[in-house]
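To be precise, the following lines are start26.txt, and they hold compact mmCIF, C-alpha atoms and all ligand atoms.
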```
# COMPACT_ATOMS: atom_id res chain seq x y z
CA MET A 336 -22.40 18.62 -38.08
CA GLN A 337 -22.39 17.06 -34.64
CA THR A 338 -25.35 14.75 -35.37
CA ASP A 339 -23.44 13.14 -38.25
CA VAL A 340 -20.63 11.95 -36.03
CA VAL A 341 -20.65 8.15 -35.94
CA ARG A 342 -20.56 6.98 -32.34
CA ILE A 343 -18.69 3.72 -31.81
CA GLY A 344 -19.58 1.91 -28.58
CA THR A 345 -17.03 -0.26 -26.81
CA ARG A 346 -15.94 -1.56 -23.44
CA GLY A 347 -13.13 0.34 -21.77
CA SER A 348 -10.43 -2.33 -21.45
CA ALA A 349 -7.20 -1.72 -23.34
CA LEU A 350 -8.05 -4.58 -25.70
CA ALA A 351 -11.57 -3.29 -26.36
CA LEU A 352 -10.21 0.21 -27.01
CA ALA A 353 -7.62 -1.19 -29.42
CA GLN A 354 -10.38 -3.02 -31.27
CA ALA A 355 -12.53 0.12 -31.47
CA ALA A 356 -9.55 2.15 -32.73
CA GLU A 357 -8.82 -0.49 -35.36
CA THR A 358 -12.44 -0.40 -36.51
CA ARG A 359 -12.37 3.40 -36.70
CA ALA A 360 -9.09 3.34 -38.67
CA ARG A 361 -10.58 0.91 -41.17
CA LEU A 362 -13.74 2.98 -41.55
CA MET A 363 -11.66 6.14 -42.05
CA ALA A 364 -9.57 4.42 -44.75
CA ALA A 365 -12.55 2.83 -46.50
CA HIS A 366 -14.51 6.09 -46.69
CA GLY A 367 -11.80 8.75 -46.73
CA LEU A 368 -13.11 10.23 -43.49
CA PRO A 369 -11.16 12.12 -40.81
CA GLU A 370 -10.88 10.86 -37.24
CA GLU A 371 -13.34 13.58 -36.12
CA ALA A 372 -16.09 11.84 -38.07
CA PHE A 373 -16.11 9.25 -35.27
CA GLU A 374 -16.51 9.31 -31.53
CA ILE A 375 -15.51 6.36 -29.37
CA VAL A 376 -18.00 5.94 -26.52
CA VAL A 377 -16.84 3.78 -23.61
CA ILE A 378 -19.53 1.75 -21.86
CA ARG A 379 -19.03 -0.16 -18.62
CA THR A 380 -20.62 -3.63 -18.64
CA THR A 381 -21.62 -6.02 -15.87
CA GLY A 382 -18.73 -8.27 -16.94
CA ASP A 383 -16.28 -5.43 -16.28
CA ARG A 384 -17.68 -4.89 -12.80
CA ILE A 385 -17.57 -8.53 -11.67
CA GLN A 386 -13.96 -9.29 -10.83
CA ASP A 387 -14.26 -11.65 -7.91
CA ARG A 388 -15.80 -14.80 -9.37
CA PRO A 389 -15.83 -16.79 -12.60
CA LEU A 390 -18.20 -15.38 -15.18
CA SER A 391 -19.70 -18.82 -15.68
CA GLU A 392 -21.13 -18.44 -12.16
CA ALA A 393 -22.33 -14.91 -12.77
CA GLY A 394 -24.58 -15.77 -15.68
CA GLY A 395 -22.52 -16.28 -18.79
CA LYS A 396 -21.89 -14.54 -22.03
CA GLY A 397 -24.18 -11.53 -22.39
CA LEU A 398 -22.35 -9.97 -19.43
CA PHE A 399 -19.90 -8.14 -21.69
CA THR A 400 -22.50 -6.97 -24.19
CA ARG A 401 -25.79 -6.12 -22.46
CA GLU A 402 -25.17 -2.46 -21.58
CA ILE A 403 -23.55 -1.82 -24.96
CA GLU A 404 -26.55 -3.31 -26.74
CA GLU A 405 -28.88 -1.13 -24.68
CA ALA A 406 -26.93 1.94 -25.83
CA LEU A 407 -27.19 0.72 -29.42
CA ARG A 408 -30.92 0.14 -29.17
CA ASN A 409 -31.67 3.51 -27.64
CA GLY A 410 -29.49 5.39 -30.12
CA ARG A 411 -26.74 6.56 -27.76
CA ILE A 412 -24.26 4.82 -30.07
CA ASP A 413 -24.49 3.90 -33.78
CA LEU A 414 -22.43 0.75 -33.84
CA ALA A 415 -20.80 -1.53 -31.31
CA VAL A 416 -17.42 -3.23 -31.58
CA HIS A 417 -17.04 -6.60 -29.86
CA SER A 418 -14.80 -9.65 -29.66
CA SER A 419 -16.86 -12.27 -31.50
CA LYS A 420 -16.03 -14.86 -28.88
CA ASP A 421 -17.83 -12.85 -26.20
CA MET A 422 -21.04 -12.62 -28.24
CA PRO A 423 -24.08 -14.72 -27.31
CA THR A 424 -25.56 -16.71 -30.19
CA VAL A 425 -28.90 -14.95 -29.88
CA LEU A 426 -28.90 -11.15 -30.20
CA PRO A 427 -31.53 -8.79 -28.82
CA GLU A 428 -34.47 -8.01 -31.10
CA GLY A 429 -33.62 -5.36 -33.67
CA LEU A 430 -29.82 -5.82 -33.61
CA GLU A 431 -27.55 -7.69 -35.99
CA LEU A 432 -23.90 -8.53 -36.60
CA ALA A 433 -23.41 -6.52 -39.75
CA ALA A 434 -19.68 -6.99 -40.30
CA PHE A 435 -16.66 -9.04 -39.26
CA LEU A 436 -13.14 -7.68 -39.64
CA GLU A 437 -10.43 -9.90 -41.06
CA ARG A 438 -9.53 -12.42 -38.40
CA GLU A 439 -6.31 -12.27 -36.41
CA ASP A 440 -4.46 -15.43 -35.39
CA VAL A 441 -7.01 -17.74 -33.72
CA ARG A 442 -4.56 -19.58 -31.44
CA ASP A 443 -3.98 -19.43 -27.72
CA ALA A 444 -0.60 -18.50 -26.30
CA PHE A 445 1.07 -19.75 -23.13
CA MET A 446 3.11 -17.61 -20.77
CA GLY A 447 5.07 -19.08 -17.92
CA ARG A 448 6.82 -17.43 -14.99
CA GLU A 449 9.80 -19.75 -15.10
CA VAL A 450 9.19 -22.10 -17.98
CA SER A 451 8.39 -21.29 -21.56
CA ARG A 452 6.13 -24.24 -22.39
CA LEU A 453 2.98 -25.65 -20.79
CA LYS A 454 4.51 -29.12 -20.80
CA GLU A 455 7.49 -27.88 -18.78
CA LEU A 456 5.45 -26.72 -15.78
CA PRO A 457 6.45 -28.60 -12.62
CA ARG A 458 4.10 -31.31 -11.31
CA GLY A 459 1.07 -29.86 -9.56
CA ALA A 460 1.84 -26.28 -10.64
CA LYS A 461 -0.90 -23.69 -10.84
CA LEU A 462 -2.23 -22.58 -14.22
CA GLY A 463 -4.22 -19.35 -14.07
CA THR A 464 -7.34 -19.19 -16.23
CA SER A 465 -11.06 -18.59 -15.84
CA SER A 466 -11.92 -20.15 -19.17
CA LEU A 467 -13.50 -23.60 -18.85
CA ARG A 468 -12.22 -24.45 -22.31
CA ARG A 469 -8.62 -23.63 -21.37
CA GLN A 470 -9.06 -25.49 -18.10
CA ALA A 471 -10.38 -28.64 -19.82
CA LEU A 472 -7.78 -28.61 -22.60
CA THR A 473 -4.97 -28.02 -20.11
CA LEU A 474 -6.09 -30.80 -17.76
CA ARG A 475 -6.36 -33.11 -20.74
CA LEU A 476 -2.66 -32.59 -21.44
CA ARG A 477 -1.59 -32.18 -17.81
CA PRO A 478 -4.05 -33.74 -15.35
CA ASP A 479 -1.66 -33.00 -12.49
CA LEU A 480 -1.92 -29.22 -12.82
CA LYS A 481 -4.11 -27.09 -10.56
CA VAL A 482 -6.34 -24.53 -12.20
CA GLU A 483 -6.46 -21.17 -10.44
CA SER A 484 -9.27 -18.73 -11.27
CA PHE A 485 -7.81 -15.74 -13.11
CA ARG A 486 -10.37 -13.03 -13.78
CA GLY A 487 -9.76 -9.62 -15.21
CA ASN A 488 -8.50 -8.09 -18.42
CA VAL A 489 -5.28 -9.08 -20.15
CA GLN A 490 -3.12 -6.64 -18.14
CA THR A 491 -4.59 -7.80 -14.82
CA ARG A 492 -3.87 -11.41 -15.68
CA LEU A 493 -0.30 -10.60 -16.66
CA ARG A 494 0.18 -8.79 -13.35
CA LYS A 495 -1.20 -11.79 -11.42
CA LEU A 496 1.28 -14.00 -13.23
CA GLU A 497 4.12 -11.68 -12.27
CA GLU A 498 2.95 -11.70 -8.65
CA GLY A 499 3.09 -15.48 -8.63
CA VAL A 500 -0.62 -16.18 -8.22
CA ALA A 501 0.03 -18.90 -10.84
CA GLU A 502 3.03 -20.43 -12.61
CA GLY A 503 1.56 -19.93 -16.06
CA THR A 504 -1.42 -18.63 -17.98
CA LEU A 505 -3.04 -18.86 -21.39
CA LEU A 506 -4.33 -15.94 -23.45
CA ALA A 507 -5.56 -15.37 -26.97
CA LEU A 508 -2.64 -14.51 -29.24
CA ALA A 509 -4.97 -12.13 -31.11
CA GLY A 510 -5.50 -10.04 -27.99
CA LEU A 511 -1.76 -9.93 -27.26
CA LYS A 512 -1.06 -8.83 -30.83
CA ARG A 513 -3.65 -6.07 -30.67
CA LEU A 514 -2.07 -4.86 -27.42
CA LYS A 515 1.43 -5.09 -28.95
CA LEU A 516 2.29 -7.64 -26.24
CA GLU A 517 2.89 -10.54 -28.58
CA HIS A 518 6.51 -10.79 -27.41
CA LEU A 519 5.20 -12.07 -24.06
CA ALA A 520 3.87 -15.27 -25.61
CA SER A 521 6.45 -17.96 -24.97
CA GLU A 522 4.54 -20.83 -26.62
CA ILE A 523 1.89 -20.72 -29.29
CA MET A 524 -0.46 -23.62 -28.71
CA ASP A 525 -1.03 -26.22 -31.39
CA ILE A 526 -4.42 -25.74 -32.94
CA ALA A 527 -5.34 -29.45 -33.05
CA GLU A 528 -4.24 -30.14 -29.49
CA PHE A 529 -5.51 -26.86 -28.12
CA PRO A 530 -8.35 -25.58 -30.32
CA PRO A 531 -9.48 -21.97 -29.77
CA ALA A 532 -12.80 -20.66 -28.57
CA LEU A 533 -15.40 -20.27 -31.28
CA GLY A 534 -15.10 -16.72 -32.59
CA GLN A 535 -11.63 -16.17 -31.15
CA GLY A 536 -9.55 -13.57 -32.94
CA ALA A 537 -12.40 -11.95 -34.85
CA ILE A 538 -13.75 -8.46 -34.22
CA CYS A 539 -17.44 -8.05 -35.03
CA ILE A 540 -19.60 -4.99 -35.52
CA GLU A 541 -23.14 -4.93 -34.22
CA THR A 542 -25.68 -2.47 -35.64
CA ARG A 543 -29.38 -1.67 -35.58
CA GLN A 544 -31.28 -3.63 -38.21
CA GLY A 545 -32.55 -1.28 -40.90
CA ASP A 546 -30.02 1.49 -40.20
CA GLU A 547 -28.96 1.89 -43.82
CA ARG A 548 -26.39 4.62 -43.36
CA ILE A 549 -24.43 2.59 -40.80
CA GLY A 550 -25.12 -0.70 -42.59
CA GLN A 551 -23.52 0.61 -45.77
CA MET A 552 -20.67 2.17 -43.89
CA VAL A 553 -19.64 -1.06 -42.14
CA ALA A 554 -20.26 -3.25 -45.22
CA ALA A 555 -17.14 -1.65 -46.70
CA ILE A 556 -14.92 -3.19 -44.02
CA HIS A 557 -16.61 -6.60 -43.84
CA HIS A 558 -14.27 -9.54 -44.55
CA GLU A 559 -16.16 -12.27 -46.43
CA ALA A 560 -14.07 -15.29 -45.44
CA THR A 561 -14.09 -14.31 -41.76
CA GLY A 562 -17.85 -13.74 -41.96
CA ALA A 563 -18.46 -17.23 -43.38
CA ALA A 564 -16.22 -18.83 -40.74
CA LEU A 565 -18.00 -16.99 -37.95
CA ILE A 566 -21.46 -17.87 -39.23
CA CYS A 567 -20.45 -21.52 -39.21
CA GLU A 568 -18.89 -21.34 -35.72
CA ARG A 569 -21.89 -19.49 -34.28
CA ALA A 570 -24.26 -22.08 -35.77
CA PHE A 571 -22.23 -24.84 -34.07
CA LEU A 572 -22.40 -23.00 -30.76
CA ALA A 573 -26.13 -22.39 -31.14
CA ALA A 574 -26.75 -26.07 -31.92
CA LEU A 575 -24.95 -26.99 -28.71
CA ASP A 576 -26.79 -24.34 -26.78
CA GLY A 577 -23.37 -23.37 -25.50
CA SER A 578 -23.15 -21.74 -22.14
CA CYS A 579 -20.10 -20.80 -20.11
CA ARG A 580 -20.54 -24.10 -18.26
CA THR A 581 -19.73 -26.12 -21.37
CA PRO A 582 -16.14 -26.33 -22.57
CA ILE A 583 -16.49 -25.98 -26.33
CA ALA A 584 -13.67 -25.36 -28.80
CA GLY A 585 -13.18 -25.24 -32.52
CA HIS A 586 -12.90 -23.10 -35.56
CA ALA A 587 -13.67 -22.83 -39.24
CA THR A 588 -11.26 -21.95 -42.04
CA VAL A 589 -12.21 -20.75 -45.50
CA GLU A 590 -10.22 -21.29 -48.66
CA ALA A 591 -11.70 -20.11 -51.95
CA ASP A 592 -15.28 -21.44 -51.82
CA ARG A 593 -14.61 -24.26 -49.32
CA ILE A 594 -15.15 -24.14 -45.60
CA ARG A 595 -13.68 -26.61 -43.16
CA PHE A 596 -14.95 -26.83 -39.59
CA SER A 597 -13.44 -28.67 -36.68
CA GLY A 598 -15.12 -28.74 -33.27
CA MET A 599 -14.53 -30.26 -29.85
CA ILE A 600 -16.44 -30.59 -26.59
CA LEU A 601 -14.94 -31.67 -23.30
CA THR A 602 -15.83 -32.33 -19.72
CA PRO A 603 -14.43 -29.58 -17.46
CA ASP A 604 -11.77 -31.96 -16.07
CA GLY A 605 -10.64 -32.82 -19.61
CA SER A 606 -11.08 -36.56 -19.02
CA GLN A 607 -13.63 -36.97 -21.80
CA ALA A 608 -13.72 -35.28 -25.19
CA HIS A 609 -15.42 -35.56 -28.54
CA ARG A 610 -14.34 -34.13 -31.86
CA ILE A 611 -16.09 -33.43 -35.14
CA GLU A 612 -14.84 -32.43 -38.60
CA ARG A 613 -16.94 -31.18 -41.50
CA GLU A 614 -16.19 -29.68 -44.88
CA GLY A 615 -18.29 -28.17 -47.64
CA SER A 616 -19.16 -25.15 -49.70
CA VAL A 617 -19.01 -21.72 -48.01
CA ARG A 618 -22.61 -21.27 -49.09
CA ASP A 619 -23.51 -24.01 -46.59
CA ALA A 620 -21.60 -22.40 -43.71
CA VAL A 621 -24.65 -22.30 -41.43
CA ASN A 622 -25.75 -25.86 -42.16
CA ILE A 623 -22.25 -27.21 -41.68
CA GLY A 624 -22.04 -25.62 -38.24
CA THR A 625 -25.54 -26.68 -37.22
CA GLU A 626 -25.04 -30.22 -38.44
CA ALA A 627 -21.66 -30.54 -36.73
CA GLY A 628 -23.30 -29.41 -33.49
CA ALA A 629 -26.11 -31.94 -33.78
CA ARG A 630 -23.68 -34.76 -34.64
CA ILE A 631 -21.24 -34.10 -31.80
CA ARG A 632 -24.16 -33.90 -29.41
CA GLU A 633 -25.36 -37.30 -30.57
CA GLN A 634 -21.84 -38.71 -30.44
CA ALA A 635 -21.37 -37.54 -26.86
CA GLY A 636 -24.78 -38.70 -25.64
CA SER A 637 -26.97 -36.94 -23.11
CA GLN A 638 -25.08 -38.32 -20.09
CA PHE A 639 -22.02 -36.39 -21.27
CA PHE A 640 -23.76 -33.10 -20.49
CA ALA A 641 -25.79 -34.37 -17.54
CA GLY A 642 -23.23 -34.33 -14.74
CA TRP A 643 -22.08 -30.77 -14.86
CA SER A 644 -24.06 -28.52 -17.19
N1 LIG A 701 -12.97 -13.21 -22.83
C1 LIG A 701 -12.07 -12.11 -22.98
C2 LIG A 701 -11.52 -12.01 -24.34
N2 LIG A 701 -12.33 -11.80 -25.40
C3 LIG A 701 -11.57 -11.79 -26.53
C4 LIG A 701 -10.25 -11.97 -26.16
C5 LIG A 701 -9.08 -12.05 -27.04
C6 LIG A 701 -9.23 -11.45 -28.42
C7 LIG A 701 -10.02 -12.26 -29.38
O1 LIG A 701 -10.26 -13.47 -29.20
O2 LIG A 701 -10.42 -11.67 -30.41
C8 LIG A 701 -10.20 -12.09 -24.76
C9 LIG A 701 -9.01 -12.27 -23.90
C10 LIG A 701 -8.38 -13.64 -24.01
O3 LIG A 701 -9.07 -14.66 -24.15
O4 LIG A 701 -7.16 -13.73 -23.91
```
Structure re-expressed in structure tokens:
Amino acid sequence: MQTDVVRIGTRGSALALAQAAETRARLMAAHGLPEEAFEIVVIRTTGDRIQDRPLSEAGGKGLFTREIEEALRNGRIDLAVHSSKDMPTVLPEGLELAAFLEREDVRDAFMGREVSRLKELPRGAKLGTSSLRRQALTLRLRPDLKVESFRGNVQTRLRKLEEGVAEGTLLALAGLKRLKLEHLASEIMDIAEFPPALGQGAICIETRQGDERIGQMVAAIHHEATGAALICERAFLAALDGSCRTPIAGHATVEADRIRFSGMILTPDGSQAHRIEREGSVRDAVNIGTEAGARIREQAGSQFFAGWS
């Protein structure tokens, strides 16, 4: 019956559609359901509309999720598929992150027009990115480079690179893999030198709290270790009150019942940075993230955030 069809809400970019298709494929496999049991509903968000300025100036994270969450709340869709790294730490009343799919590679990848490594870019070359984290980490390694704003989805950014708007760019390897464009990555960045965005590489599923049918359905595709890592990373972000104006990096890894978190904050010009490492039981994932956030904040001091946040 038509009313039983599970409606999956997503943005319309190629990456978002790939993520929604992956979620549907996993749900089909987990429950032995045919493709017709699902409908993918594309929703245009404010973030998709704004192409002409950095998102940090347009109001930050919720820009890619607001309209999708509205559709979820009013019942137009039954679940929403997101990139965890685009999710604000506080969700609207009545919604929850019910499942995380097994994480893809968390690292960033570099692509150059004429060189294959970030370090090989000529002096003063332009690096295209709109991510403050990528800007700060790049300038830390190469203070001579110029950062050129590079908005738009993965394909748009690749086109801009081809057109010579910049000499190189950085993208999430996970996104390239999901788009089958992994071969374009000429350098995979070192995780210690170039830590990812919190949440990078992990697809999450948002649902209505108390919707038992959908809750049970998505529980079958939840990946425990990814869930623990993401809970820890989101607690760190929440403790730092992270906005798009604050370059924040880091990630958690889970092995058996241990979780290890490593976080970093930087000034946008990369000249100052602080790091934190924490380890403990996966059961303490939230506390480890929260505590790491409080500690790095203390370490940095209030003047660290004062100048530019
Ligand atoms: N902000 C856009 C965005 N959100 C998630 C990904 C990549 C996929 C992921 O991290 O899961 C990207 C593109 C990029 O940073 O290259």
How big is the axis-aligned box, and where does its centre sit, when it encloses all atoms of ligand LIG 701 (chain A) listed in the file and has 5 Å added on every side, reported in Å to one decimal as AutoDock Vina command-line options?
```
--center_x -10.1 --center_y -13.1 --center_z -26.6 --size_x 15.8 --size_y 13.2 --size_z 17.6
```
Residues of segment 545-573 of chain A that approach segment 362-378 of chain A to 9 Å or less, counting all atoms listed in the file: could you list each one with the shortest pair of atoms and its distance in Å to one decimal, rows by chain and increasing residue number, as a Markdown table?
```
| residue | atom | partner | partner_atom | distance |
| --- | --- | --- | --- | --- |
| A:Met552 | CA | A:Leu362 | CA | 7.4 |
| A:Val553 | CA | A:Leu362 | CA | 7.2 |
| A:Ala555 | CA | A:Ala365 | CA | 6.4 |
| A:Ile556 | CA | A:Leu362 | CA | 6.7 |
```
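All polymer residues at most 9 Å from (-11.7, -33.0, -24.7), using only C-alpha atoms, appear as Arg468, Ala471, Leu472, Arg475, Pro582, Ile583, Ala584, Met599, Ile600, Leu601, Thr602, Pro603, Asp604, Gly605, Ser606, Gln607, Ala608, His609 and Arg610 of chain A.
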Export, as an mmCIF file, in the coordinates of the input, the selected residues with C-alpha atoms.
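Result file part_16.cif:
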```cif
data_model
loop_
_atom_site.group_PDB
_atom_site.id
_atom_site.type_symbol
_atom_site.label_atom_id
_atom_site.label_comp_id
_atom_site.auth_asym_id
_atom_site.auth_seq_id
_atom_site.Cartn_x
_atom_site.Cartn_y
_atom_site.Cartn_z
ATOM 1 C CA ARG A 468 -12.220 -24.450 -22.310
ATOM 2 C CA ALA A 471 -10.380 -28.640 -19.820
ATOM 3 C CA LEU A 472 -7.780 -28.610 -22.600
ATOM 4 C CA ARG A 475 -6.360 -33.110 -20.740
ATOM 5 C CA PRO A 582 -16.140 -26.330 -22.570
ATOM 6 C CA ILE A 583 -16.490 -25.980 -26.330
ATOM 7 C CA ALA A 584 -13.670 -25.360 -28.800
ATOM 8 C CA MET A 599 -14.530 -30.260 -29.850
ATOM 9 C CA ILE A 600 -16.440 -30.590 -26.590
ATOM 10 C CA LEU A 601 -14.940 -31.670 -23.300
ATOM 11 C CA THR A 602 -15.830 -32.330 -19.720
ATOM 12 C CA PRO A 603 -14.430 -29.580 -17.460
ATOM 13 C CA ASP A 604 -11.770 -31.960 -16.070
ATOM 14 C CA GLY A 605 -10.640 -32.820 -19.610
ATOM 15 C CA SER A 606 -11.080 -36.560 -19.020
ATOM 16 C CA GLN A 607 -13.630 -36.970 -21.800
ATOM 17 C CA ALA A 608 -13.720 -35.280 -25.190
ATOM 18 C CA HIS A 609 -15.420 -35.560 -28.540
ATOM 19 C CA ARG A 610 -14.340 -34.130 -31.860
#
```
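The interatomic distance for the pair atom CA of Ile566 of chain A and atom CA of Leu508 of chain A works out to 21.6 Å.
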Residues of segment 542-598 of chain A at most 9 Å from segment 436-455 of chain A: nearest atom pair and distance in Å, all atoms listed in the file, as JSON lines:
```
{"residue": "A:Ile556", "atom": "CA", "partner": "A:Leu436", "partner_atom": "CA", "distance": 6.5}
{"residue": "A:His557", "atom": "CA", "partner": "A:Leu436", "partner_atom": "CA", "distance": 5.6}
{"residue": "A:His558", "atom": "CA", "partner": "A:Glu437", "partner_atom": "CA", "distance": 5.2}
{"residue": "A:Glu559", "atom": "CA", "partner": "A:Glu437", "partner_atom": "CA", "distance": 8.2}
{"residue": "A:Ala560", "atom": "CA", "partner": "A:Glu437", "partner_atom": "CA", "distance": 7.8}
{"residue": "A:Thr561", "atom": "CA", "partner": "A:Glu437", "partner_atom": "CA", "distance": 5.8}
{"residue": "A:Gly562", "atom": "CA", "partner": "A:Leu436", "partner_atom": "CA", "distance": 8.0}
{"residue": "A:His586", "atom": "CA", "partner": "A:Val441", "partner_atom": "CA", "distance": 8.2}
```
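Environment of ligand LIG 701 (chain A), defined as every protein or nucleic acid residue with an atom within 8 Å of it and counting all atoms listed in the file, comprises Leu350, Ser418, Ser419, Lys420, Asp421, Glu439, Val441, Asp443, Ser466, Asn488, Val489, Leu505, Leu506, Ala507, Leu508, Ala509, Gly510, Leu511, Ala532, Gly534, Gln535, Gly536, Ala537 and Ile538 of chain A.
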Tell me which of A:Leu426, A:Leu493, A:Val617, A:Ala349 sits closest to Glu405 of chain A, counting only C-alpha atoms.
-> A:Leu426
Quick one: everything within 6 Å of Leu430 of chain A, counting all atoms listed in the file, minus sequence neighbours fewer than 2 positions away in the same chain. Send it as a list in words.
-> Pro427, Glu428, Thr542, Arg543 and Gln544 of chain A
Go ahead and write the selection's residues with C-alpha atoms as a tab-separated table (two decimals), keeping the file's coordinate frame.
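And here's selection-v8.tsv as it stands now:
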```tsv
chain	number	residue	atom	x	y	z
A	427	PRO	CA	-31.53	-8.79	-28.82
A	428	GLU	CA	-34.47	-8.01	-31.10
A	542	THR	CA	-25.68	-2.47	-35.64
A	543	ARG	CA	-29.38	-1.67	-35.58
A	544	GLN	CA	-31.28	-3.63	-38.21
```
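Between Ala570 of chain A and the residues A:Ala360, A:Asn622, A:Gly545, A:Ile385, the shortest atom-to-atom distance, using all atoms listed in the file, involves A:Asn622.
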Mind giving me the straight-line distance from atom CA of Ala415 of chain A to atom CA of Asp546 of chain A in Å, one decimal?
-> 13.2 Å
Segment 339-360 of chain A written out with N, CA and C atoms as an mmCIF file, in the first residue's frame:
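Resulting contents of out19.cif:
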```
data_model
loop_
_atom_site.group_PDB
_atom_site.id
_atom_site.type_symbol
_atom_site.label_atom_id
_atom_site.label_comp_id
_atom_site.auth_asym_id
_atom_site.auth_seq_id
_atom_site.Cartn_x
_atom_site.Cartn_y
_atom_site.Cartn_z
ATOM 1 N N ASP A 339 2.493 2.761 3.111
ATOM 2 C CA ASP A 339 3.562 2.030 3.786
ATOM 3 C C ASP A 339 4.936 2.316 3.198
ATOM 4 N N VAL A 340 4.949 2.976 2.065
ATOM 5 C CA VAL A 340 6.235 3.296 1.442
ATOM 6 C C VAL A 340 7.032 4.187 2.393
ATOM 7 N N VAL A 341 8.300 3.834 2.604
ATOM 8 C CA VAL A 341 9.154 4.620 3.489
ATOM 9 C C VAL A 341 9.811 5.732 2.682
ATOM 10 N N ARG A 342 9.524 6.966 3.054
ATOM 11 C CA ARG A 342 10.048 8.102 2.289
ATOM 12 C C ARG A 342 11.349 8.609 2.907
ATOM 13 N N ILE A 343 12.397 8.562 2.107
ATOM 14 C CA ILE A 343 13.745 8.927 2.543
ATOM 15 C C ILE A 343 14.051 10.337 2.036
ATOM 16 N N GLY A 344 14.240 11.279 2.935
ATOM 17 C CA GLY A 344 14.523 12.656 2.538
ATOM 18 C C GLY A 344 16.015 12.909 2.404
ATOM 19 N N THR A 345 16.370 13.660 1.367
ATOM 20 C CA THR A 345 17.784 13.949 1.127
ATOM 21 C C THR A 345 17.936 15.234 0.317
ATOM 22 N N ARG A 346 19.122 15.814 0.353
ATOM 23 C CA ARG A 346 19.434 16.898 -0.565
ATOM 24 C C ARG A 346 19.603 16.294 -1.959
ATOM 25 N N GLY A 347 19.700 17.168 -2.951
ATOM 26 C CA GLY A 347 19.725 16.679 -4.321
ATOM 27 C C GLY A 347 21.094 16.588 -4.958
ATOM 28 N N SER A 348 22.166 16.908 -4.232
ATOM 29 C CA SER A 348 23.498 16.821 -4.843
ATOM 30 C C SER A 348 23.813 15.358 -5.144
ATOM 31 N N ALA A 349 24.752 15.155 -6.057
ATOM 32 C CA ALA A 349 25.116 13.783 -6.429
ATOM 33 C C ALA A 349 25.577 12.993 -5.207
ATOM 34 N N LEU A 350 26.333 13.674 -4.318
ATOM 35 C CA LEU A 350 26.819 12.982 -3.119
ATOM 36 C C LEU A 350 25.656 12.613 -2.199
ATOM 37 N N ALA A 351 24.742 13.564 -1.989
ATOM 38 C CA ALA A 351 23.589 13.293 -1.123
ATOM 39 C C ALA A 351 22.751 12.147 -1.687
ATOM 40 N N LEU A 352 22.562 12.149 -3.011
ATOM 41 C CA LEU A 352 21.771 11.081 -3.636
ATOM 42 C C LEU A 352 22.471 9.728 -3.497
ATOM 43 N N ALA A 353 23.787 9.726 -3.602
ATOM 44 C CA ALA A 353 24.538 8.481 -3.430
ATOM 45 C C ALA A 353 24.370 7.964 -2.000
ATOM 46 N N GLN A 354 24.376 8.890 -1.052
ATOM 47 C CA GLN A 354 24.223 8.498 0.359
ATOM 48 C C GLN A 354 22.818 7.952 0.632
ATOM 49 N N ALA A 355 21.817 8.578 0.015
ATOM 50 C CA ALA A 355 20.437 8.102 0.192
ATOM 51 C C ALA A 355 20.275 6.725 -0.444
ATOM 52 N N ALA A 356 20.887 6.530 -1.633
ATOM 53 C CA ALA A 356 20.795 5.233 -2.312
ATOM 54 C C ALA A 356 21.493 4.146 -1.499
ATOM 55 N N GLU A 357 22.617 4.509 -0.879
ATOM 56 C CA GLU A 357 23.334 3.536 -0.056
ATOM 57 C C GLU A 357 22.480 3.133 1.152
ATOM 58 N N THR A 358 21.835 4.125 1.751
ATOM 59 C CA THR A 358 20.972 3.853 2.904
ATOM 60 C C THR A 358 19.815 2.944 2.486
ATOM 61 N N ARG A 359 19.199 3.260 1.347
ATOM 62 C CA ARG A 359 18.097 2.429 0.866
ATOM 63 C C ARG A 359 18.572 1.001 0.596
ATOM 64 N N ALA A 360 19.737 0.853 -0.034
ATOM 65 C CA ALA A 360 20.260 -0.486 -0.338
ATOM 66 C C ALA A 360 20.488 -1.284 0.950
#
```
